[in-house]
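**Q** I'd like to ask you about the structure that follows.
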Amino acid sequence: MAQSARTTGVDANRSFTIAIHPNYAPYTLRDSEGKAAGILVDIWKLWARKTHSTVRFRFYPWNESIEATRRGEVDFHSGTTPDQNWMIASKPFWTIETSFFTLRDNPYRDARSLRRVTIGTIDPYYGMLARKRLGPLVKIRKYSDYGPLLHALERGEIDAFIEDTEAVWYYLIKIGKVPEIRIIHDPKLIVHNPVQAVTNPEHAALIPLINRGLSLISPAEKESIRNHWFSAHRPEVHFRESAAHHEPNKITLVAFLTALLGLLAFLLIRDQRERRMIERLAKTDDLTGLKNKREFTRVFYKTKIESPYIGLLIVDVDYFKAYNDTYGHLMGDEVLRNIGAILQSVETEHLQAFRVGGEEFALLLQSHIHDQNRLCRIAETIRKKVAALRITHEPSPYGIVTVSIGGALSEVRRMRRELFVQADNALYTAKEKGRNRIVCVDPSHDADTPDPEEKSGSGYSDKDARHFHPAISHS
């Protein structure tokens with residue numbers, strides 16, 4: 001690597017060697033002429049022009065590309081998710097979707113069905129991600145590349161694998177096996193990973209230069225690169241026949257038709273995925289990732305619920321305005337994200353979480369039995385988990401961020417609007433009694449429907465309510 005006194009300037013006039021994978025299309029690949037190509041390659045070529053540098057690309061199998069970066073054989077890696085202690089990373093500059101795949105005839109349909117199976121992966125980071133999504137009982141097997149990974153799936157050594165969505169589809173197009181593989185379509189299994197350049201500690205001084213050059217690449221330029229590879233790519237770019245069986249740079253009619261059919265299948269799948277993504281975004285709260293108020297209204301008031309009982313919890317962050325006034329809205333957003341993560345952690349097939357207001361959340365429980373204790377236990381678990389975060393909140397009498405929760409459980413046949421008012425009244429009672437506690441009520445014991453404008457809690461008697469008081473002391 002050439003030396004320069006201007007280690008952080010955009011006009012450093014240096015030459016850099018970058019590690020890339022030769023079969024990670026559309027992100028990095030070796031084209032029909034043996035040259036580096038792909039989205040990340042185009043990004044780094046543009047980066048080189050912006051920084052008045054030159055770049056060379058060195059091919060490695062995926063795991064070896066990481067090791068080569070660690071050993072310092074290259075200046076930095078073209079892009080990955082930092083998951084090892086030695087990695088020094090740039091700012092994220094791209095996002096890649098990751099999915100779980102299986103054979104088309106396999107029975108796996110959601111996260112629950114994968115909890116006790118064997119999952120294959122190339123990148124150890126995705127092995128950790130699989131355990132996080134599926135639990136500790138899942139087995140992980142690592143493979144060196146897409147070929148061995150797919151062979152293991154076909155032989156039954158693994159039940160499914162987790163890898164980057166677009167890269168897998170490009171590989172399947174290349175080998176003509178799109179019809180044999182499918183994505184497991186469960187929103188809990190779709191992950192969006194930030195891509196960052198990584199280097200080792202000896203080359204840490206490169207990071208400011210890398211970041212500064214990346215900051216000069218506009219969103220429009222990135223979108224142009226994306227469009228080129230996802231819309232204007234050619235079959236011959238990602239279908240490269242072996243020179244031992246074909247003339248160089250030529251493909252047979254069968255190979256071309258296979259690639260073309262694969263490409264059409266890929267575009268159809270991408271279109272379906274984009275529609276699902278739009279639908280998912282319309283139902284999702286941007287900040288927390290939970291379902292939003294619109295989706296809550298649809299599910300709560302309009303969806304037919306098969307279970308005989310429905311429970312509702314309303315969660316409110318205590319003294320949240322005071323928190324925002326003291327620490328700022330960015331810190332307030334971080335609090336909401338943390339609470340959203342807690343609510344996601346307690347979600348099950350019959351328990352859905354929503355963000356329904358600024359600092360207000362809701363959970364819907366479908367139950368086959370009248371079990372108010374279960375509703376209370378869920379609420380208390382949430383309250384304790386929020387308190388356990390120990391997020392400093394000096395204006396609060398508790399000294400940390402806490403939540404108050406109101407809950408109600410009733411038969412589905414009763415008016416759901418009544419159930420909402422009862423849960424809201426219970427929340428109001430919890431806040432009246434000092435916050436950082438839960439109050440659960442049983443509206444089925446009441447003869448009258450409470451006035452929705454009434455906030456006195458008179459819609460139920462105190463004997464029907466269960467109160468959980470805070471377990472932490474005031475600070």
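Scheme for the structure tokens: letters A, B, ... for chains in order shown; per-chain residue numbers from 1; ligand numbers from 1 in order shown.
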If you count only C-alpha atoms, which residues fall within 12 Å of segment 320-327 of chain A, apart from same-chain ones fewer than 3 positions away, as a PyMOL selection string?

**A** chain A and resi 316-317+330-336+358-360+391-397+399-404+435

**Q** Which residues, written as a ChimeraX atom specification, have at least one atom at most 8 Å from Asp186 of chain A, with only C-alpha atoms counted and residues fewer than 4 positions away on the same chain left out?

**A** /A:109-111,190

**Q** Using N, CA and C atoms, can you write the selected residues to a file as a CSV table (one decimal), in the first residue's frame?

**A**
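Contents of the output file result-v7.csv:
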```csv
chain,number,residue,atom,x,y,z
A,109,ARG,N,-42.5,-23.8,7.4
A,109,ARG,CA,-43.3,-22.6,7.0
A,109,ARG,C,-43.1,-21.4,7.8
A,110,ASP,N,-42.5,-21.5,9.0
A,110,ASP,CA,-42.4,-20.4,9.9
A,110,ASP,C,-41.3,-20.6,10.9
A,111,ALA,N,-41.0,-19.6,11.8
A,111,ALA,CA,-40.0,-19.8,12.8
A,111,ALA,C,-40.2,-20.9,13.7
A,190,ILE,N,-37.1,-12.6,8.3
A,190,ILE,CA,-36.5,-11.6,7.4
A,190,ILE,C,-35.7,-10.6,8.1
```

**Q** Quote the spacing between atom CA of Gly120 of chain A and atom CA of Ile158 of chain A in Å to one decimal place.

**A**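 Result for atom CA of Gly120 of chain A versus atom CA of Ile158 of chain A: 6.0 Å, one decimal.
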
**Q** Taking into account only C-alpha atoms, which residue in the set A:Arg226, A:Asp83, A:Thr348, A:Glu157 is nearest to Met128 of chain A?

**A**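 The closest residue to Met128 of chain A is A:Asp83.
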
**Q** Based on the backbone DSSP call, show me all residues of segment 112-202 of chain A assigned strand (DSSP E), as an NGL selection string.

**A** :A and (118-121 or 139-142 or 160-164 or 181-183 or 191-199)

**Q** Given only C-alpha atoms as the basis, pick out the residue of A:Asn106, A:Ser113, A:Asn338, A:Ser15 nearest to Arg49 of chain A.

**A** A:Ser15

**Q** Report as a PDB file with N, CA, C and O atoms, in the first residue's frame all protein, DNA and RNA residues lying within 9 Å of segment 376-390 of chain A, evaluated on only C-alpha atoms, omitting residues in the same chain fewer than 3 positions from it.

**A**
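Generated output (around-v6.pdb):
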```pdb
ATOM      1  N   LEU A 313     -53.844  -5.249  26.641  1.00  0.00           N
ATOM      2  CA  LEU A 313     -52.946  -4.514  27.536  1.00  0.00           C
ATOM      3  C   LEU A 313     -52.579  -3.194  26.867  1.00  0.00           C
ATOM      4  O   LEU A 313     -52.229  -3.179  25.681  1.00  0.00           O
ATOM      5  N   VAL A 315     -49.908  -0.122  27.312  1.00  0.00           N
ATOM      6  CA  VAL A 315     -48.642   0.185  27.991  1.00  0.00           C
ATOM      7  C   VAL A 315     -48.294   1.644  27.728  1.00  0.00           C
ATOM      8  O   VAL A 315     -48.299   2.091  26.575  1.00  0.00           O
ATOM      9  N   ASN A 338     -36.206   0.502  22.584  1.00  0.00           N
ATOM     10  CA  ASN A 338     -35.911  -0.534  23.570  1.00  0.00           C
ATOM     11  C   ASN A 338     -37.181  -1.198  24.076  1.00  0.00           C
ATOM     12  O   ASN A 338     -37.241  -2.422  24.243  1.00  0.00           O
ATOM     13  N   ILE A 339     -38.200  -0.397  24.330  1.00  0.00           N
ATOM     14  CA  ILE A 339     -39.463  -0.963  24.802  1.00  0.00           C
ATOM     15  C   ILE A 339     -40.113  -1.784  23.688  1.00  0.00           C
ATOM     16  O   ILE A 339     -40.672  -2.858  23.941  1.00  0.00           O
ATOM     17  N   ILE A 342     -38.611  -5.162  23.709  1.00  0.00           N
ATOM     18  CA  ILE A 342     -39.142  -5.987  24.796  1.00  0.00           C
ATOM     19  C   ILE A 342     -40.496  -6.566  24.409  1.00  0.00           C
ATOM     20  O   ILE A 342     -40.773  -7.755  24.626  1.00  0.00           O
ATOM     21  N   LEU A 343     -41.354  -5.746  23.816  1.00  0.00           N
ATOM     22  CA  LEU A 343     -42.672  -6.232  23.417  1.00  0.00           C
ATOM     23  C   LEU A 343     -42.554  -7.295  22.319  1.00  0.00           C
ATOM     24  O   LEU A 343     -43.305  -8.270  22.306  1.00  0.00           O
ATOM     25  N   VAL A 346     -41.862 -10.779  23.736  1.00  0.00           N
ATOM     26  CA  VAL A 346     -42.933 -11.538  24.388  1.00  0.00           C
ATOM     27  C   VAL A 346     -44.023 -11.948  23.398  1.00  0.00           C
ATOM     28  O   VAL A 346     -44.970 -12.646  23.772  1.00  0.00           O
ATOM     29  N   GLN A 372     -57.396 -14.525  33.488  1.00  0.00           N
ATOM     30  CA  GLN A 372     -56.947 -13.163  33.769  1.00  0.00           C
ATOM     31  C   GLN A 372     -55.542 -13.167  34.358  1.00  0.00           C
ATOM     32  O   GLN A 372     -54.755 -12.245  34.147  1.00  0.00           O
ATOM     33  N   ASN A 373     -55.206 -14.231  35.090  1.00  0.00           N
ATOM     34  CA  ASN A 373     -53.862 -14.317  35.695  1.00  0.00           C
ATOM     35  C   ASN A 373     -52.785 -14.293  34.619  1.00  0.00           C
ATOM     36  O   ASN A 373     -51.721 -13.693  34.802  1.00  0.00           O
ATOM     37  N   HIS A 393     -33.574   8.208  34.401  1.00  0.00           N
ATOM     38  CA  HIS A 393     -34.673   9.154  34.163  1.00  0.00           C
ATOM     39  C   HIS A 393     -34.812  10.006  35.435  1.00  0.00           C
ATOM     40  O   HIS A 393     -35.649   9.746  36.298  1.00  0.00           O
ATOM     41  N   GLY A 399     -36.323   7.304  39.263  1.00  0.00           N
ATOM     42  CA  GLY A 399     -34.943   7.497  38.823  1.00  0.00           C
ATOM     43  C   GLY A 399     -34.578   6.758  37.558  1.00  0.00           C
ATOM     44  O   GLY A 399     -33.475   6.918  37.037  1.00  0.00           O
ATOM     45  N   ILE A 400     -35.475   5.922  37.057  1.00  0.00           N
ATOM     46  CA  ILE A 400     -35.244   5.175  35.822  1.00  0.00           C
ATOM     47  C   ILE A 400     -36.523   5.196  34.996  1.00  0.00           C
ATOM     48  O   ILE A 400     -37.590   5.562  35.487  1.00  0.00           O
ATOM     49  N   VAL A 401     -36.419   4.793  33.721  1.00  0.00           N
ATOM     50  CA  VAL A 401     -37.598   4.710  32.868  1.00  0.00           C
ATOM     51  C   VAL A 401     -38.463   3.529  33.318  1.00  0.00           C
ATOM     52  O   VAL A 401     -37.963   2.409  33.496  1.00  0.00           O
ATOM     53  N   THR A 402     -39.756   3.761  33.505  1.00  0.00           N
ATOM     54  CA  THR A 402     -40.705   2.726  33.892  1.00  0.00           C
ATOM     55  C   THR A 402     -41.951   2.832  33.008  1.00  0.00           C
ATOM     56  O   THR A 402     -42.119   3.800  32.264  1.00  0.00           O
ATOM     57  N   VAL A 403     -42.834   1.841  33.114  1.00  0.00           N
ATOM     58  CA  VAL A 403     -44.097   1.873  32.382  1.00  0.00           C
ATOM     59  C   VAL A 403     -45.241   1.553  33.320  1.00  0.00           C
ATOM     60  O   VAL A 403     -45.069   0.861  34.333  1.00  0.00           O
ATOM     61  N   SER A 404     -46.406   2.076  32.978  1.00  0.00           N
ATOM     62  CA  SER A 404     -47.657   1.692  33.624  1.00  0.00           C
ATOM     63  C   SER A 404     -48.483   0.918  32.609  1.00  0.00           C
ATOM     64  O   SER A 404     -48.455   1.227  31.417  1.00  0.00           O
ATOM     65  N   ILE A 405     -49.217  -0.097  33.094  1.00  0.00           N
ATOM     66  CA  ILE A 405     -49.952  -0.970  32.179  1.00  0.00           C
ATOM     67  C   ILE A 405     -51.369  -1.197  32.711  1.00  0.00           C
ATOM     68  O   ILE A 405     -51.557  -1.523  33.886  1.00  0.00           O
ATOM     69  N   GLY A 406     -52.328  -1.002  31.828  1.00  0.00           N
ATOM     70  CA  GLY A 406     -53.706  -1.344  32.140  1.00  0.00           C
ATOM     71  C   GLY A 406     -54.153  -2.492  31.275  1.00  0.00           C
ATOM     72  O   GLY A 406     -53.861  -2.530  30.079  1.00  0.00           O
ATOM     73  N   GLY A 407     -54.870  -3.462  31.880  1.00  0.00           N
ATOM     74  CA  GLY A 407     -55.280  -4.636  31.133  1.00  0.00           C
ATOM     75  C   GLY A 407     -56.715  -5.020  31.399  1.00  0.00           C
ATOM     76  O   GLY A 407     -57.260  -4.765  32.475  1.00  0.00           O
ATOM     77  N   ASN A 436     -45.576   2.965  37.319  1.00  0.00           N
ATOM     78  CA  ASN A 436     -44.671   1.826  37.446  1.00  0.00           C
ATOM     79  C   ASN A 436     -45.393   0.646  38.086  1.00  0.00           C
ATOM     80  O   ASN A 436     -44.902   0.012  39.003  1.00  0.00           O
ATOM     81  N   ARG A 437     -46.584   0.361  37.592  1.00  0.00           N
ATOM     82  CA  ARG A 437     -47.359  -0.758  38.100  1.00  0.00           C
ATOM     83  C   ARG A 437     -48.373  -1.172  37.040  1.00  0.00           C
ATOM     84  O   ARG A 437     -48.558  -0.493  36.039  1.00  0.00           O
ATOM     85  N   ILE A 438     -49.022  -2.312  37.289  1.00  0.00           N
ATOM     86  CA  ILE A 438     -50.058  -2.771  36.369  1.00  0.00           C
ATOM     87  C   ILE A 438     -51.372  -2.886  37.117  1.00  0.00           C
ATOM     88  O   ILE A 438     -51.411  -3.137  38.327  1.00  0.00           O
ATOM     89  N   VAL A 439     -52.460  -2.688  36.381  1.00  0.00           N
ATOM     90  CA  VAL A 439     -53.805  -2.918  36.893  1.00  0.00           C
ATOM     91  C   VAL A 439     -54.558  -3.704  35.830  1.00  0.00           C
ATOM     92  O   VAL A 439     -54.688  -3.255  34.691  1.00  0.00           O
ATOM     93  N   CYS A 440     -55.026  -4.906  36.185  1.00  0.00           N
ATOM     94  CA  CYS A 440     -55.782  -5.745  35.268  1.00  0.00           C
ATOM     95  C   CYS A 440     -57.207  -5.890  35.783  1.00  0.00           C
ATOM     96  O   CYS A 440     -57.410  -6.117  36.980  1.00  0.00           O
ATOM     97  N   ARG A 466     -56.768  -6.436  39.541  1.00  0.00           N
ATOM     98  CA  ARG A 466     -55.557  -6.998  40.130  1.00  0.00           C
ATOM     99  C   ARG A 466     -54.457  -5.965  39.997  1.00  0.00           C
ATOM    100  O   ARG A 466     -54.177  -5.511  38.892  1.00  0.00           O
ATOM    101  N   HIS A 467     -53.835  -5.599  41.121  1.00  0.00           N
ATOM    102  CA  HIS A 467     -52.804  -4.563  41.132  1.00  0.00           C
ATOM    103  C   HIS A 467     -51.444  -5.204  41.388  1.00  0.00           C
ATOM    104  O   HIS A 467     -51.300  -6.041  42.279  1.00  0.00           O
ATOM    105  N   PHE A 468     -50.458  -4.811  40.586  1.00  0.00           N
ATOM    106  CA  PHE A 468     -49.076  -5.223  40.838  1.00  0.00           C
ATOM    107  C   PHE A 468     -48.282  -3.959  41.107  1.00  0.00           C
ATOM    108  O   PHE A 468     -48.196  -3.073  40.262  1.00  0.00           O
ATOM    109  N   PRO A 470     -44.799  -1.714  42.145  1.00  0.00           N
ATOM    110  CA  PRO A 470     -43.402  -1.775  41.724  1.00  0.00           C
ATOM    111  C   PRO A 470     -42.520  -2.491  42.733  1.00  0.00           C
ATOM    112  O   PRO A 470     -42.690  -2.361  43.931  1.00  0.00           O
ATOM    113  N   ALA A 471     -41.577  -3.248  42.177  1.00  0.00           N
ATOM    114  CA  ALA A 471     -40.665  -3.997  43.044  1.00  0.00           C
ATOM    115  C   ALA A 471     -39.395  -3.240  43.310  1.00  0.00           C
ATOM    116  O   ALA A 471     -38.526  -3.700  44.048  1.00  0.00           O
ATOM    117  N   ILE A 472     -39.220  -2.037  42.703  1.00  0.00           N
ATOM    118  CA  ILE A 472     -37.994  -1.271  42.918  1.00  0.00           C
ATOM    119  C   ILE A 472     -38.300  -0.086  43.816  1.00  0.00           C
ATOM    120  O   ILE A 472     -39.410   0.382  43.888  1.00  0.00           O
TER     121      ILE A 472
END
```

**Q** Can you pull out every residue within 9 Å of segment 129-139 of chain A, counting only C-alpha atoms, but drop anything in the same chain fewer than 2 positions away, and send it as a PyMOL selection string?

**A** chain A and resi 100+111-112+114-120+124-127+141+158+162+188-189+191

**Q** As JSON, numbers by chain, please: every residue in segment 52-127 of chain A that a backbone DSSP assignment puts in helix (DSSP H, G or I).

**A** {"A": [62, 63, 64, 65, 66, 67, 68, 69, 70, 71, 112, 113, 114, 124, 125, 126, 127]}
